[in-house]
Every structure is written in structure tokens, then in C-alpha cells.
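To be precise, the following lines are input_38.cif, and they hold mmCIF, C-alpha atoms and all ligand atoms.
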```cif
data_model
#
loop_
_atom_site.label_atom_id
_atom_site.label_comp_id
_atom_site.auth_asym_id
_atom_site.auth_seq_id
_atom_site.Cartn_x
_atom_site.Cartn_y
_atom_site.Cartn_z
CA MET A 18 33.02 -28.12 -61.38
CA GLY A 19 29.43 -27.24 -62.23
CA LYS A 20 27.45 -27.85 -65.40
CA ILE A 21 28.60 -24.71 -67.13
CA SER A 22 32.27 -25.70 -67.12
CA LYS A 23 31.43 -28.31 -69.81
CA LEU A 24 30.09 -25.55 -72.01
CA LEU A 25 33.25 -23.49 -71.79
CA LYS A 26 35.74 -23.63 -74.67
CA PRO A 27 38.50 -26.06 -73.58
CA TYR A 28 41.32 -23.57 -74.05
CA ILE A 29 39.60 -20.98 -71.86
CA GLN A 30 39.16 -23.70 -69.25
CA GLU A 31 42.95 -23.97 -69.05
CA ALA A 32 43.56 -20.21 -68.98
CA LYS A 33 44.44 -18.42 -65.77
CA PRO A 34 42.39 -15.31 -65.00
CA TYR A 35 44.24 -12.10 -64.30
CA SER A 36 43.84 -11.64 -60.58
CA PRO A 37 45.91 -9.38 -58.41
CA THR A 38 47.48 -11.16 -55.47
CA ALA A 39 46.41 -10.40 -51.90
CA HIS A 40 49.74 -8.62 -51.57
CA LEU A 41 48.92 -6.25 -54.45
CA ARG A 42 45.42 -5.59 -53.13
CA LEU A 43 46.92 -4.59 -49.82
CA LEU A 44 49.28 -2.20 -51.57
CA TYR A 45 46.37 -0.63 -53.44
CA ALA A 46 44.39 -0.21 -50.23
CA GLU A 47 47.35 1.54 -48.65
CA ARG A 48 48.29 3.33 -51.87
CA PRO A 49 48.84 6.87 -50.51
CA LYS A 50 51.60 5.55 -48.25
CA TYR A 51 53.83 4.58 -51.17
CA ILE A 52 56.03 6.17 -53.78
CA ARG A 53 54.82 4.20 -56.80
CA LEU A 54 57.72 3.37 -59.08
CA GLN A 55 56.49 -0.09 -60.07
CA ALA A 56 53.98 0.45 -62.89
CA ASN A 57 55.52 3.11 -65.18
CA GLU A 58 52.78 5.59 -64.35
CA LEU A 59 53.23 9.34 -64.72
CA PRO A 60 54.37 10.99 -61.46
CA PHE A 61 52.80 14.37 -62.37
CA GLY A 62 49.16 13.27 -62.82
CA ILE A 63 47.03 14.42 -65.76
CA SER A 64 47.25 17.98 -67.06
CA PRO A 65 44.97 20.60 -65.43
CA LYS A 66 43.38 21.20 -68.86
CA VAL A 67 42.49 17.52 -69.10
CA LYS A 68 40.93 17.64 -65.62
CA GLN A 69 38.82 20.60 -66.72
CA ALA A 70 37.77 18.83 -69.92
CA ILE A 71 36.52 15.88 -67.87
CA ILE A 72 34.54 18.19 -65.60
CA ASP A 73 33.07 19.96 -68.65
CA ALA A 74 32.07 16.61 -70.18
CA LEU A 75 30.30 15.36 -67.03
CA PRO A 76 26.86 16.88 -67.78
CA GLU A 77 26.69 14.67 -70.89
CA ALA A 78 28.04 11.52 -69.24
CA HIS A 79 24.61 9.89 -69.56
CA LEU A 80 24.83 10.02 -73.39
CA TYR A 81 26.58 7.40 -75.49
CA PRO A 82 29.86 8.53 -76.98
CA ASP A 83 30.12 9.42 -80.69
CA SER A 84 30.97 5.94 -81.99
CA SER A 85 33.02 7.39 -84.86
CA TYR A 86 35.13 9.26 -82.28
CA TYR A 87 35.45 12.04 -84.85
CA ASP A 88 37.04 14.63 -82.54
CA VAL A 89 39.56 12.23 -81.03
CA LYS A 90 40.55 10.88 -84.43
CA GLN A 91 40.95 14.37 -85.92
CA ALA A 92 43.19 15.34 -83.03
CA LEU A 93 45.15 12.10 -83.35
CA ALA A 94 45.50 12.57 -87.11
CA LYS A 95 47.18 15.90 -86.41
CA TYR A 96 49.38 14.36 -83.69
CA THR A 97 50.46 11.29 -85.66
CA GLY A 98 50.37 12.47 -89.27
CA PHE A 99 48.04 9.56 -90.21
CA ASP A 100 44.42 10.19 -91.24
CA ASP A 101 41.49 8.44 -89.59
CA THR A 102 41.46 5.54 -92.07
CA HIS A 103 44.70 4.43 -90.41
CA LEU A 104 43.56 4.94 -86.81
CA VAL A 105 41.74 2.64 -84.38
CA LEU A 106 40.92 3.34 -80.72
CA ALA A 107 40.71 0.94 -77.81
CA ASN A 108 40.19 0.92 -74.06
CA GLY A 109 43.95 0.74 -73.52
CA SER A 110 46.52 -0.42 -76.06
CA THR A 111 46.63 -3.95 -74.68
CA GLN A 112 43.17 -4.46 -76.21
CA PHE A 113 44.55 -4.42 -79.75
CA LEU A 114 46.17 -7.75 -79.11
CA ASP A 115 42.78 -9.14 -78.09
CA GLY A 116 41.43 -7.79 -81.40
CA LEU A 117 44.19 -9.46 -83.40
CA TYR A 118 43.77 -12.72 -81.51
CA TYR A 119 40.00 -12.74 -82.12
CA GLY A 120 40.43 -11.85 -85.76
CA PHE A 121 43.46 -13.86 -86.83
CA ILE A 122 44.31 -16.68 -84.40
CA ASN A 123 42.57 -20.04 -84.56
CA PRO A 124 43.30 -22.77 -82.00
CA GLY A 125 46.68 -24.22 -82.97
CA ASP A 126 47.98 -21.02 -84.60
CA SER A 127 50.86 -19.27 -82.92
CA VAL A 128 52.15 -15.87 -81.99
CA LEU A 129 55.88 -15.23 -81.91
CA PHE A 130 57.36 -13.23 -79.04
CA ILE A 131 60.89 -11.89 -78.66
CA PRO A 132 61.55 -11.88 -74.91
CA PRO A 133 62.43 -10.07 -72.72
CA ASP A 134 59.09 -8.43 -73.39
CA TYR A 135 55.68 -7.50 -72.03
CA GLY A 136 54.05 -10.53 -70.39
CA PRO A 137 50.28 -9.80 -70.58
CA TYR A 138 50.24 -10.44 -74.34
CA ARG A 139 51.14 -14.07 -73.73
CA ILE A 140 48.49 -14.50 -71.05
CA ARG A 141 45.80 -13.04 -73.33
CA LEU A 142 46.59 -15.64 -76.02
CA ALA A 143 44.47 -18.09 -74.05
CA ILE A 144 41.30 -16.34 -75.28
CA CYS A 145 41.70 -17.88 -78.73
CA GLY A 146 43.59 -21.11 -78.05
CA GLY A 147 46.75 -19.79 -79.68
CA LYS A 148 50.23 -20.94 -78.80
CA ALA A 149 53.21 -18.80 -77.88
CA GLN A 150 56.52 -19.23 -79.69
CA PHE A 151 59.72 -17.56 -78.59
CA ALA A 152 62.85 -16.18 -80.24
CA PRO A 153 64.58 -14.86 -77.12
CA ARG A 154 67.29 -12.24 -77.06
CA PRO A 155 70.21 -13.87 -75.23
CA PRO A 156 71.68 -12.74 -71.89
CA PRO A 157 73.70 -10.94 -70.69
CA ASP A 158 73.18 -8.09 -73.20
CA TYR A 159 69.89 -9.16 -74.81
CA SER A 160 70.92 -7.90 -78.24
CA TRP A 161 68.42 -8.16 -81.10
CA ASN A 162 68.84 -11.07 -83.51
CA PHE A 163 66.25 -10.90 -86.26
CA ASP A 164 67.75 -13.80 -88.24
CA LYS A 165 66.82 -15.97 -85.28
CA ALA A 166 63.32 -14.47 -85.12
CA VAL A 167 62.76 -15.07 -88.86
CA ASP A 168 64.01 -18.67 -88.50
CA ALA A 169 61.49 -19.22 -85.69
CA ILE A 170 58.53 -18.45 -88.01
CA THR A 171 56.54 -21.58 -88.92
CA PRO A 172 53.43 -22.06 -91.10
CA GLU A 173 51.38 -21.72 -87.88
CA THR A 174 52.86 -18.30 -87.01
CA LYS A 175 50.28 -15.60 -87.73
CA VAL A 176 51.51 -12.70 -85.62
CA VAL A 177 54.82 -11.49 -84.19
CA VAL A 178 54.86 -9.01 -81.33
CA VAL A 179 57.76 -6.60 -80.88
CA VAL A 180 57.93 -4.07 -78.05
CA SER A 181 59.86 -0.89 -78.97
CA PRO A 182 61.14 0.81 -76.93
CA ASN A 183 61.25 -2.44 -75.10
CA ASN A 184 59.67 -3.21 -71.77
CA PRO A 185 61.68 -4.20 -69.76
CA CYS A 186 65.05 -3.65 -71.54
CA GLY A 187 64.39 -0.02 -72.53
CA ASP A 188 65.95 -0.11 -76.03
CA CYS A 189 64.44 0.42 -79.51
CA VAL A 190 64.13 -2.16 -82.27
CA PRO A 191 66.47 -1.57 -85.23
CA GLU A 192 64.49 -0.79 -88.40
CA ALA A 193 66.44 -3.18 -90.64
CA GLY A 194 65.61 -6.09 -88.33
CA LEU A 195 61.94 -5.22 -88.24
CA ARG A 196 61.83 -5.11 -92.04
CA GLN A 197 63.03 -8.73 -92.10
CA LEU A 198 59.85 -9.66 -90.22
CA LEU A 199 57.61 -7.35 -92.23
CA ASP A 200 58.72 -9.05 -95.45
CA ARG A 201 57.12 -12.31 -94.27
CA ASP A 202 53.41 -13.18 -94.61
CA ILE A 203 52.55 -12.49 -91.00
CA LEU A 204 51.16 -9.60 -89.00
CA VAL A 205 53.76 -7.56 -87.17
CA VAL A 206 52.77 -5.66 -84.01
CA VAL A 207 55.12 -2.94 -82.81
CA ASP A 208 54.08 -1.83 -79.34
CA GLU A 209 55.23 1.78 -78.96
CA ALA A 210 53.67 2.38 -75.54
CA TYR A 211 56.73 4.45 -74.56
CA TYR A 212 57.16 6.21 -77.92
CA GLU A 213 57.13 9.76 -76.51
CA PHE A 214 60.20 9.08 -74.36
CA ALA A 215 62.25 7.60 -77.22
CA ASP A 216 64.47 9.14 -79.89
CA SER A 217 62.98 7.13 -82.75
CA THR A 218 59.75 5.52 -84.00
CA LEU A 219 58.98 2.89 -86.61
CA VAL A 220 55.57 4.32 -87.49
CA HIS A 221 56.64 5.57 -90.96
CA LEU A 222 56.80 1.91 -92.03
CA VAL A 223 52.99 1.76 -91.83
CA LYS A 224 52.97 3.64 -95.17
CA LYS A 225 54.87 0.80 -96.83
CA TYR A 226 53.72 -2.37 -95.05
CA GLU A 227 50.02 -3.27 -94.82
CA ASN A 228 50.84 -6.04 -92.31
CA LEU A 229 52.25 -3.62 -89.69
CA ILE A 230 50.27 -2.38 -86.71
CA VAL A 231 51.83 0.15 -84.34
CA THR A 232 50.06 0.35 -80.98
CA ARG A 233 50.41 3.27 -78.59
CA THR A 234 48.89 4.31 -75.29
CA PHE A 235 47.81 7.47 -73.48
CA ALA A 236 48.63 5.68 -70.20
CA LYS A 237 52.24 6.82 -70.07
CA VAL A 238 53.03 10.30 -71.39
CA PHE A 239 49.47 11.64 -70.91
CA GLY A 240 48.93 9.94 -67.53
CA PHE A 241 45.75 8.08 -68.64
CA ALA A 242 46.59 4.75 -66.95
CA GLY A 243 43.32 4.96 -65.01
CA LEU A 244 41.27 6.68 -67.72
CA ARG A 245 42.29 4.00 -70.30
CA LEU A 246 42.97 4.88 -73.93
CA GLY A 247 45.07 3.25 -76.61
CA TYR A 248 45.31 3.82 -80.35
CA ALA A 249 46.69 1.85 -83.26
CA ILE A 250 48.20 3.16 -86.48
CA THR A 251 47.94 0.64 -89.28
CA SER A 252 46.87 0.05 -92.89
CA PRO A 253 43.26 0.92 -93.71
CA ASP A 254 42.44 -2.79 -94.26
CA LEU A 255 43.81 -3.86 -90.92
CA ALA A 256 42.12 -0.88 -89.27
CA THR A 257 38.79 -2.08 -90.69
CA TYR A 258 39.33 -5.67 -89.52
CA LEU A 259 40.24 -4.48 -86.05
CA SER A 260 37.16 -2.25 -85.87
CA LYS A 261 35.02 -5.29 -86.70
CA VAL A 262 36.26 -7.29 -83.74
CA LEU A 263 36.73 -4.56 -81.14
CA HIS A 264 33.82 -3.08 -79.26
CA HIS A 265 31.79 -0.34 -81.01
CA PHE A 266 32.09 1.92 -77.95
CA PRO A 267 35.70 1.17 -76.99
CA VAL A 268 36.27 4.52 -75.25
CA ASN A 269 33.98 6.21 -72.75
CA ARG A 270 32.74 9.75 -73.23
CA LEU A 271 34.87 11.31 -70.47
CA THR A 272 38.07 9.71 -71.71
CA ALA A 273 37.29 10.83 -75.28
CA ALA A 274 36.89 14.44 -74.09
CA ALA A 275 40.04 14.11 -72.01
CA ALA A 276 42.00 12.82 -75.02
CA VAL A 277 41.10 15.81 -77.19
CA ALA A 278 42.20 18.16 -74.41
CA ALA A 279 45.42 16.21 -73.82
CA LEU A 280 46.42 16.38 -77.48
CA ALA A 281 45.71 20.12 -77.55
CA ASP A 282 47.81 20.76 -74.43
CA THR A 283 51.20 20.69 -76.15
CA GLU A 284 52.74 22.71 -73.33
CA PHE A 285 52.04 19.93 -70.81
CA LEU A 286 53.18 17.28 -73.27
CA ASP A 287 56.48 19.08 -73.87
CA TYR A 288 56.91 19.52 -70.11
CA VAL A 289 56.38 15.81 -69.44
CA ARG A 290 58.74 14.69 -72.19
CA ARG A 291 61.44 17.09 -71.05
CA GLU A 292 61.08 16.31 -67.33
CA ILE A 293 60.96 12.54 -67.74
CA ARG A 294 64.04 12.56 -69.96
CA ALA A 295 65.96 14.76 -67.51
CA ASN A 296 64.80 12.71 -64.51
CA ARG A 297 65.69 9.49 -66.33
CA THR A 298 69.26 10.72 -66.81
CA TYR A 299 69.35 11.60 -63.10
CA LEU A 300 68.08 8.13 -62.14
CA GLU A 301 70.46 6.34 -64.53
CA GLN A 302 73.45 8.28 -63.24
CA GLY A 303 72.48 7.67 -59.61
CA LEU A 304 72.06 3.93 -60.23
CA ASP A 305 75.39 3.77 -62.10
CA ARG A 306 77.14 5.06 -58.98
CA ILE A 307 75.93 2.09 -56.90
CA ASP A 308 78.38 -0.79 -56.78
CA GLY A 309 76.56 -4.00 -57.73
CA VAL A 310 73.93 -2.42 -59.98
CA ARG A 311 74.10 -2.74 -63.77
CA SER A 312 71.47 -0.69 -65.55
CA PHE A 313 70.32 -0.86 -69.14
CA PRO A 314 70.23 2.44 -71.12
CA SER A 315 66.60 3.48 -71.39
CA GLN A 316 64.45 5.14 -74.07
CA THR A 317 61.40 4.88 -71.80
CA ASN A 318 60.12 6.17 -68.45
CA PHE A 319 61.74 3.34 -66.49
CA VAL A 320 65.15 1.79 -65.93
CA LEU A 321 65.90 -1.93 -65.77
CA SER A 322 68.67 -2.75 -63.31
CA GLN A 323 70.48 -6.02 -62.75
CA LEU A 324 71.71 -6.70 -59.22
CA THR A 325 75.11 -8.26 -59.76
CA LYS A 326 76.46 -8.71 -56.21
CA GLN A 327 76.64 -12.28 -54.90
CA GLY A 328 73.99 -12.96 -52.27
CA ILE A 329 71.84 -9.92 -53.15
CA SER A 330 68.36 -10.88 -54.30
CA SER A 331 65.81 -8.68 -56.01
CA SER A 332 63.04 -9.90 -53.68
CA ASP A 333 65.09 -8.77 -50.71
CA VAL A 334 65.82 -5.36 -52.24
CA THR A 335 62.19 -4.91 -53.33
CA GLN A 336 60.96 -5.78 -49.83
CA LYS A 337 63.45 -3.43 -48.15
CA LEU A 338 62.36 -0.61 -50.46
CA GLN A 339 58.72 -1.35 -49.72
CA ASP A 340 59.47 -1.16 -46.01
CA GLU A 341 60.82 2.33 -46.76
CA GLY A 342 57.60 3.21 -48.59
CA ILE A 343 58.90 2.77 -52.16
CA LEU A 344 57.46 0.32 -54.68
CA VAL A 345 59.58 -0.99 -57.56
CA ARG A 346 58.93 -4.05 -59.75
CA ASP A 347 60.77 -7.28 -58.98
CA TYR A 348 61.68 -8.69 -62.41
CA THR A 349 63.64 -11.77 -61.44
CA GLY A 350 62.42 -14.81 -63.37
CA LYS A 351 60.13 -12.67 -65.50
CA ALA A 352 59.92 -11.65 -69.15
CA GLY A 353 62.83 -13.90 -70.22
CA LEU A 354 65.48 -12.28 -68.02
CA GLU A 355 68.20 -14.37 -66.40
CA GLY A 356 69.62 -13.07 -63.12
CA GLU A 357 68.38 -10.75 -60.39
CA PHE A 358 66.50 -7.74 -61.78
CA ILE A 359 64.39 -4.82 -60.64
CA ARG A 360 62.59 -2.27 -62.83
CA ILE A 361 62.24 1.29 -61.57
CA THR A 362 59.85 3.89 -62.98
CA VAL A 363 61.31 7.36 -63.51
CA GLY A 364 59.75 9.57 -60.85
CA THR A 365 60.16 13.15 -59.71
CA ILE A 366 63.69 14.11 -58.67
CA GLU A 367 62.70 13.66 -54.98
CA GLN A 368 61.32 10.19 -55.70
CA ASN A 369 64.41 9.27 -57.70
CA LYS A 370 66.65 10.46 -54.87
CA ALA A 371 64.67 8.30 -52.42
CA VAL A 372 64.91 5.17 -54.54
CA ILE A 373 68.63 5.63 -55.26
CA GLN A 374 69.25 6.05 -51.52
CA GLY A 375 67.01 3.07 -50.72
CA ILE A 376 68.81 0.74 -53.14
CA THR A 377 72.21 1.91 -51.92
CA THR A 378 71.25 1.08 -48.33
CA ALA A 379 69.62 -2.22 -49.31
CA ILE A 380 72.65 -3.67 -51.08
CA THR A 381 75.55 -2.38 -48.99
C1 LIG B 401 54.92 -2.38 -73.39
C2 LIG B 401 53.59 -2.00 -72.84
N1 LIG B 401 52.51 -2.03 -73.63
C3 LIG B 401 51.29 -1.69 -73.17
C4 LIG B 401 51.11 -1.31 -71.85
C5 LIG B 401 49.76 -1.00 -71.33
O1 LIG B 401 49.10 -0.10 -72.11
P1 LIG B 401 47.58 0.21 -71.78
O2 LIG B 401 47.49 0.68 -70.38
O3 LIG B 401 47.23 1.26 -72.78
O4 LIG B 401 46.80 -1.05 -72.04
C6 LIG B 401 52.20 -1.26 -70.99
C7 LIG B 401 52.03 -0.86 -69.59
O5 LIG B 401 52.86 -0.92 -68.75
C8 LIG B 401 53.47 -1.62 -71.50
O6 LIG B 401 54.55 -1.62 -70.71
#
```
Taking this structure as input, can you express it in the form of C-alpha cells?
Amino acid sequence: MGKISKLLKPYIQEAKPYSPTAHLRLLYAERPKYIRLQANELPFGISPKVKQAIIDALPEAHLYPDSSYYDVKQALAKYTGFDDTHLVLANGSTQFLDGLYYGFINPGDSVLFIPPDYGPYRIRLAICGGKAQFAPRPPPDYSWNFDKAVDAITPETKVVVVVSPNNPCGDCVPEAGLRQLLDRDILVVVDEAYYEFADSTLVHLVKKYENLIVTRTFAKVFGFAGLRLGYAITSPDLATYLSKVLHHFPVNRLTAAAAVAALADTEFLDYVRREIRANRTYLEQGLDRIDGVRSFPSQTNFVLSQLTKQGISSSDVTQKLQDEGILVRDYTGKAGLEGEFIRITVGTIEQNKAVIQGITTAIT
């Protein structure tokens, strides 16, 4: 340890940096070889109109973006029904949690999670010395229990994070349960990263509850996982606080231009929503036909499957699929799940056929 380690905040000292394993780096290097069904990316790529908008924006790439992001916010206001006083942008939706942690969490405060849920939010807590608390949904069905979540709130709890539709379980949070949390003096984050693939949203509650923040991403339905763009819909006060702690140029100029084009291209958006829903049904039905696979109904662009046959492990199945050129996510021991689990992104019909065939071969 050198001199500078003594200068570092003690809680950052203990934090683990996010670093992809050698295994993941290898997969990235050999990326074209694989059908990627492990990261809930869009199998169709970005829309041609978005590509063109990026090309058109290139001559001005040397200029700073408009820090008010007027065009993006006007387009988002139309898309969401919330005016710009309710909207905040970030370089990916995960960044909003950083903003909330910076703004609201002192060392010793805590954030309540309801696993199974999205792991990176826990890891990021280290940036402010916060502690994670848990009100898990119990196996085997992982049903919601908001009485338990409310009971878990302590004077130290400042924020509760709810993922709806849920990653990895795929289901939406019931509104009545969420209201139980919103009635408490805490901030409530509802992560709607997969909102466009679901039948319901909780965003209307932003009009009633100033302590609610709904976060969404362009990474899924618009295919911006590499371009990076997230937005939050919240009360004007919370929007102002978040803008104070987040960067003043959160979104680069090319992504901003791409976002305006993506929101205008309703034809592509409708196509993606329709295709992913149809392909999801295809994937779910194919998985249901495999003996030893129990899948959870999904409102997202992925399906969580439990491998229920004795002696069949998810690491084995994941490896066999990888050998066949297909990547899925091994979820065993992760996110609060108990048992052997894999998570499969909804792909094209050809990709779905390949993964269904691959799993069938791997477990029989
Ligand atoms: C629940 C959830 N929230 C957020 C994200 C990431 O969003 P972004 O890429 O905008 O940071 C993901 C990505 O998989 C996710 O599953």
C-alpha cells in the first residue's frame, strides 16, 4: 500500500472495483462468434434513423452538448407525458443511484433492497459508505410481501430500491404494495428499465408522491446499451437535487442526437415492442416444453429459468451453451435466488430456436 491509500476514504478502501473477469474479456474479444443472450441487449441493433442521426451529428462532435438538453427533454416530455421539470438525464440509468447515494446517504445510513433484484446497485453503495438492508422475496415463488419490506425500514433507511418489471424474476410490482413504501419518509426508486416490454407502469404515482423516482433506460428497447442514456421521472424538487449531484454534461452530443431520433422513430419502437413480445412468448413456450426447466412469466426482454432436475447445474448448462456459441447468464447464487438458475435474453426467432435446442441437449 502506498502513501495515497491513507488519504482514501475508509469505505472506498473496502469497496471492490467493477472489473470484468478474464473470462468475460475473452468473450468480448471473440464477440462475433457468439449469440449474445446474456446481457438483455436488443438483438436488432439501433434503428437506421438513429444511425443516420449520429452520422449527421458527427461534424459538431467537437462542440459541448447543450447542457439543458432541451431537444431531448422536449422529446421525452412528449414520450412520457411529464414536462422537463420532472425529467433528469444520465449516462445510463444506473447513474441515478449514484446521484441518490451522493445526495442522500451518509456513512451508516442504509438502502433497502428487495431481492431477487439487480446487483450493481448494492455494489455502488460503497461510494458513500452506506449499508445494504434486505427484505427478500421468499423462494420458491418469490412473491411480493410489502408488509415485510415496511417492517424492515429503520431510522437509518433513507432509500428503498424496487425493480419493476423485476430483473431477474420478470414480474411487475403491485401498486398497492408500492404505496405502502411511498407512505413512509424515505425515497423510493422504481427501476423501470424494461418498462416498454411490460403491460403496466407505476409512473403515474410520480404526480402524487414527491419521494418517488422512476428510472428508465434507452439501453433496452432503443438498443442504446453502448451509447448510454438513462432518464428519471420524479418530482421537481428531487429532479433539482439530482441535477446538483450528477454531472453537468451527463450525455454526450452524439447520444443526445440519437435519442431525439429514437423517440421520433415510433415505427421502429412499435416494431421492437411487438417483436420482443412475440419472441418472448416463443421462448417461454419452447422452454416450457423442456422437462426439468421451470420458467418465470416475464414482462421483460428476458426469461428466468430454474433448472429443476437433480444433478443438472447451471454452470454446466451455461458452459455447454457457450461451447455451442450461445451466451446466457448463470444466475445460481446471485440476486437472492435459491437453486440452479439461468437467465436468457429474448433474441430473434433463430436465436431463440438455437438456445431452446441447446438447453434441451444440455439437460437430457
Ligand atoms: C434492472 C436494470 N436496471 C438498469 C440496467 C442498466 O441500465 P443502464 O444501461 O441504462 O445503466 C439494467 C441492465 O441490465 C437492468 O437490468
As AutoDock Vina command-line options, what would the box around ligand LIG 401 (chain B) look like: edges along x, y and z, 3 Å added on every side, centre and edge lengths in Å to one decimal?
```
--center_x 50.9 --center_y -0.6 --center_z -71.2 --size_x 14.1 --size_y 9.6 --size_z 10.9
```
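For the residues A:Leu117, A:Val231, A:Ile72, A:Leu80, ranking by smallest atom-to-atom distance to Val262 in chain A using all atoms listed in the file places A:Leu117 first.
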Near-ligand residues for ligand LIG 401 (chain B), threshold 10 Å, only C-alpha atoms and all ligand atoms, as a ChimeraX atom specification: /A:55-58,107-114,134-138,179-185,187,207-212,232-237,240-248,317-319
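Considering only C-alpha atoms, the residue among A:Lys165, A:Arg141, A:Lys175, A:Arg154 positioned nearest to Asn228 in chain A is A:Lys175.
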Which is closer to Thr272 in chain A than all the others in A:Leu255, A:Val334, A:Ala169, A:Ala78, using all atoms listed in the file? A:Ala78
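Proximity ranking of A:Gly309, A:Gly328, A:Gly356, A:Pro76 relative to Asp158 in chain A places A:Gly356 first, based on all atoms listed in the file.
The spacing separating CA of Leu54 in chain A from CA of Leu344 in chain A amounts to 5.4 Å.
Omitting Lys225 in chain A and its sequence neighbours fewer than 2 positions away, and counting only C-alpha atoms, the residues within 12 Å are A:Arg196, A:Leu199, A:Asp200, A:Leu219, A:Val220, A:His221, A:Leu222, A:Val223, A:Glu227, A:Asn228, A:Leu229, A:Ile230, A:Thr251, A:Ser252.
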Atom pair CA of Leu25 in chain A / CA of Leu41 in chain A: separation (Å): 29.0 Å
For each of A:Ala143, A:Leu129, A:Val89, A:Leu324, take the minimum atom-to-atom distance to Lys33 in chain A, counting all atoms listed in the file, then give the residue where this is smallest. A:Ala143
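Computed from the coordinates, the CA of Val67 in chain A to CA of Asp115 in chain A distance equals 28.1 Å.
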Let me make sure I understand: among A:Asp164, A:Glu355, A:Pro82, A:His103, which one has the smallest atom-to-atom distance to Gly194 in chain A if we use only C-alpha atoms? A:Asp164
Please list as an MDAnalysis selection string every residue within 12 Å of Val320 in chain A, counting only C-alpha atoms and excluding residues in the same chain fewer than 3 positions away. chainID A and resid 54:57 182:188 293:294 296:305 310:317 323 345:346 348 358:364 369 372:373
Any idea what's packed within 10 Å of Gln336 in chain A, counting all atoms listed in the file, ignoring anything in its chain fewer than 5 positions away? Could you give it as a list in words? Ser331, Glu341, Gly342, Ile343, Leu344, Val345, Asp347 and Ala379 of chain A
Add whatever atoms are absent from range 341-359 of chain A to reach N, CA and C atoms, and provide the output as a PDB file, keeping the file's coordinate frame.
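And here is the file that came out, part.pdb:
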```
ATOM      1  N   GLU A 341      60.514   0.884 -46.801  1.00  0.00           N
ATOM      2  CA  GLU A 341      60.820   2.330 -46.760  1.00  0.00           C
ATOM      3  C   GLU A 341      59.744   3.154 -47.457  1.00  0.00           C
ATOM      4  N   GLY A 342      58.698   2.495 -47.936  1.00  0.00           N
ATOM      5  CA  GLY A 342      57.600   3.210 -48.590  1.00  0.00           C
ATOM      6  C   GLY A 342      57.787   3.424 -50.090  1.00  0.00           C
ATOM      7  N   ILE A 343      58.654   2.603 -50.707  1.00  0.00           N
ATOM      8  CA  ILE A 343      58.900   2.770 -52.160  1.00  0.00           C
ATOM      9  C   ILE A 343      58.600   1.452 -52.876  1.00  0.00           C
ATOM     10  N   LEU A 344      57.773   1.526 -53.913  1.00  0.00           N
ATOM     11  CA  LEU A 344      57.460   0.320 -54.680  1.00  0.00           C
ATOM     12  C   LEU A 344      58.249   0.322 -55.988  1.00  0.00           C
ATOM     13  N   VAL A 345      58.980  -0.768 -56.245  1.00  0.00           N
ATOM     14  CA  VAL A 345      59.580  -0.990 -57.560  1.00  0.00           C
ATOM     15  C   VAL A 345      59.146  -2.381 -58.002  1.00  0.00           C
ATOM     16  N   ARG A 346      59.377  -2.734 -59.263  1.00  0.00           N
ATOM     17  CA  ARG A 346      58.930  -4.050 -59.750  1.00  0.00           C
ATOM     18  C   ARG A 346      60.073  -5.061 -59.692  1.00  0.00           C
ATOM     19  N   ASP A 347      59.802  -6.171 -59.030  1.00  0.00           N
ATOM     20  CA  ASP A 347      60.770  -7.280 -58.980  1.00  0.00           C
ATOM     21  C   ASP A 347      60.663  -8.036 -60.308  1.00  0.00           C
ATOM     22  N   TYR A 348      61.737  -8.071 -61.086  1.00  0.00           N
ATOM     23  CA  TYR A 348      61.680  -8.690 -62.410  1.00  0.00           C
ATOM     24  C   TYR A 348      62.423 -10.013 -62.506  1.00  0.00           C
ATOM     25  N   THR A 349      62.906 -10.510 -61.387  1.00  0.00           N
ATOM     26  CA  THR A 349      63.640 -11.770 -61.440  1.00  0.00           C
ATOM     27  C   THR A 349      62.716 -12.893 -61.904  1.00  0.00           C
ATOM     28  N   GLY A 350      63.209 -13.669 -62.873  1.00  0.00           N
ATOM     29  CA  GLY A 350      62.420 -14.810 -63.370  1.00  0.00           C
ATOM     30  C   GLY A 350      61.289 -14.401 -64.287  1.00  0.00           C
ATOM     31  N   LYS A 351      61.244 -13.132 -64.658  1.00  0.00           N
ATOM     32  CA  LYS A 351      60.130 -12.670 -65.500  1.00  0.00           C
ATOM     33  C   LYS A 351      60.630 -12.216 -66.872  1.00  0.00           C
ATOM     34  N   ALA A 352      59.734 -12.266 -67.824  1.00  0.00           N
ATOM     35  CA  ALA A 352      59.920 -11.650 -69.150  1.00  0.00           C
ATOM     36  C   ALA A 352      61.097 -12.215 -69.941  1.00  0.00           C
ATOM     37  N   GLY A 353      61.708 -13.316 -69.478  1.00  0.00           N
ATOM     38  CA  GLY A 353      62.830 -13.900 -70.220  1.00  0.00           C
ATOM     39  C   GLY A 353      64.184 -13.408 -69.736  1.00  0.00           C
ATOM     40  N   LEU A 354      64.208 -12.768 -68.557  1.00  0.00           N
ATOM     41  CA  LEU A 354      65.480 -12.280 -68.020  1.00  0.00           C
ATOM     42  C   LEU A 354      66.148 -13.373 -67.182  1.00  0.00           C
ATOM     43  N   GLU A 355      67.477 -13.392 -67.220  1.00  0.00           N
ATOM     44  CA  GLU A 355      68.200 -14.370 -66.400  1.00  0.00           C
ATOM     45  C   GLU A 355      69.117 -13.630 -65.438  1.00  0.00           C
ATOM     46  N   GLY A 356      68.850 -13.784 -64.144  1.00  0.00           N
ATOM     47  CA  GLY A 356      69.620 -13.070 -63.120  1.00  0.00           C
ATOM     48  C   GLY A 356      68.652 -12.367 -62.193  1.00  0.00           C
ATOM     49  N   GLU A 357      69.208 -11.493 -61.364  1.00  0.00           N
ATOM     50  CA  GLU A 357      68.380 -10.750 -60.390  1.00  0.00           C
ATOM     51  C   GLU A 357      68.119  -9.354 -60.962  1.00  0.00           C
ATOM     52  N   PHE A 358      66.850  -9.004 -61.127  1.00  0.00           N
ATOM     53  CA  PHE A 358      66.500  -7.740 -61.780  1.00  0.00           C
ATOM     54  C   PHE A 358      65.413  -6.979 -61.032  1.00  0.00           C
ATOM     55  N   ILE A 359      65.522  -5.658 -61.043  1.00  0.00           N
ATOM     56  CA  ILE A 359      64.390  -4.820 -60.640  1.00  0.00           C
ATOM     57  C   ILE A 359      64.156  -3.782 -61.748  1.00  0.00           C
TER      58      ILE A 359
END
```
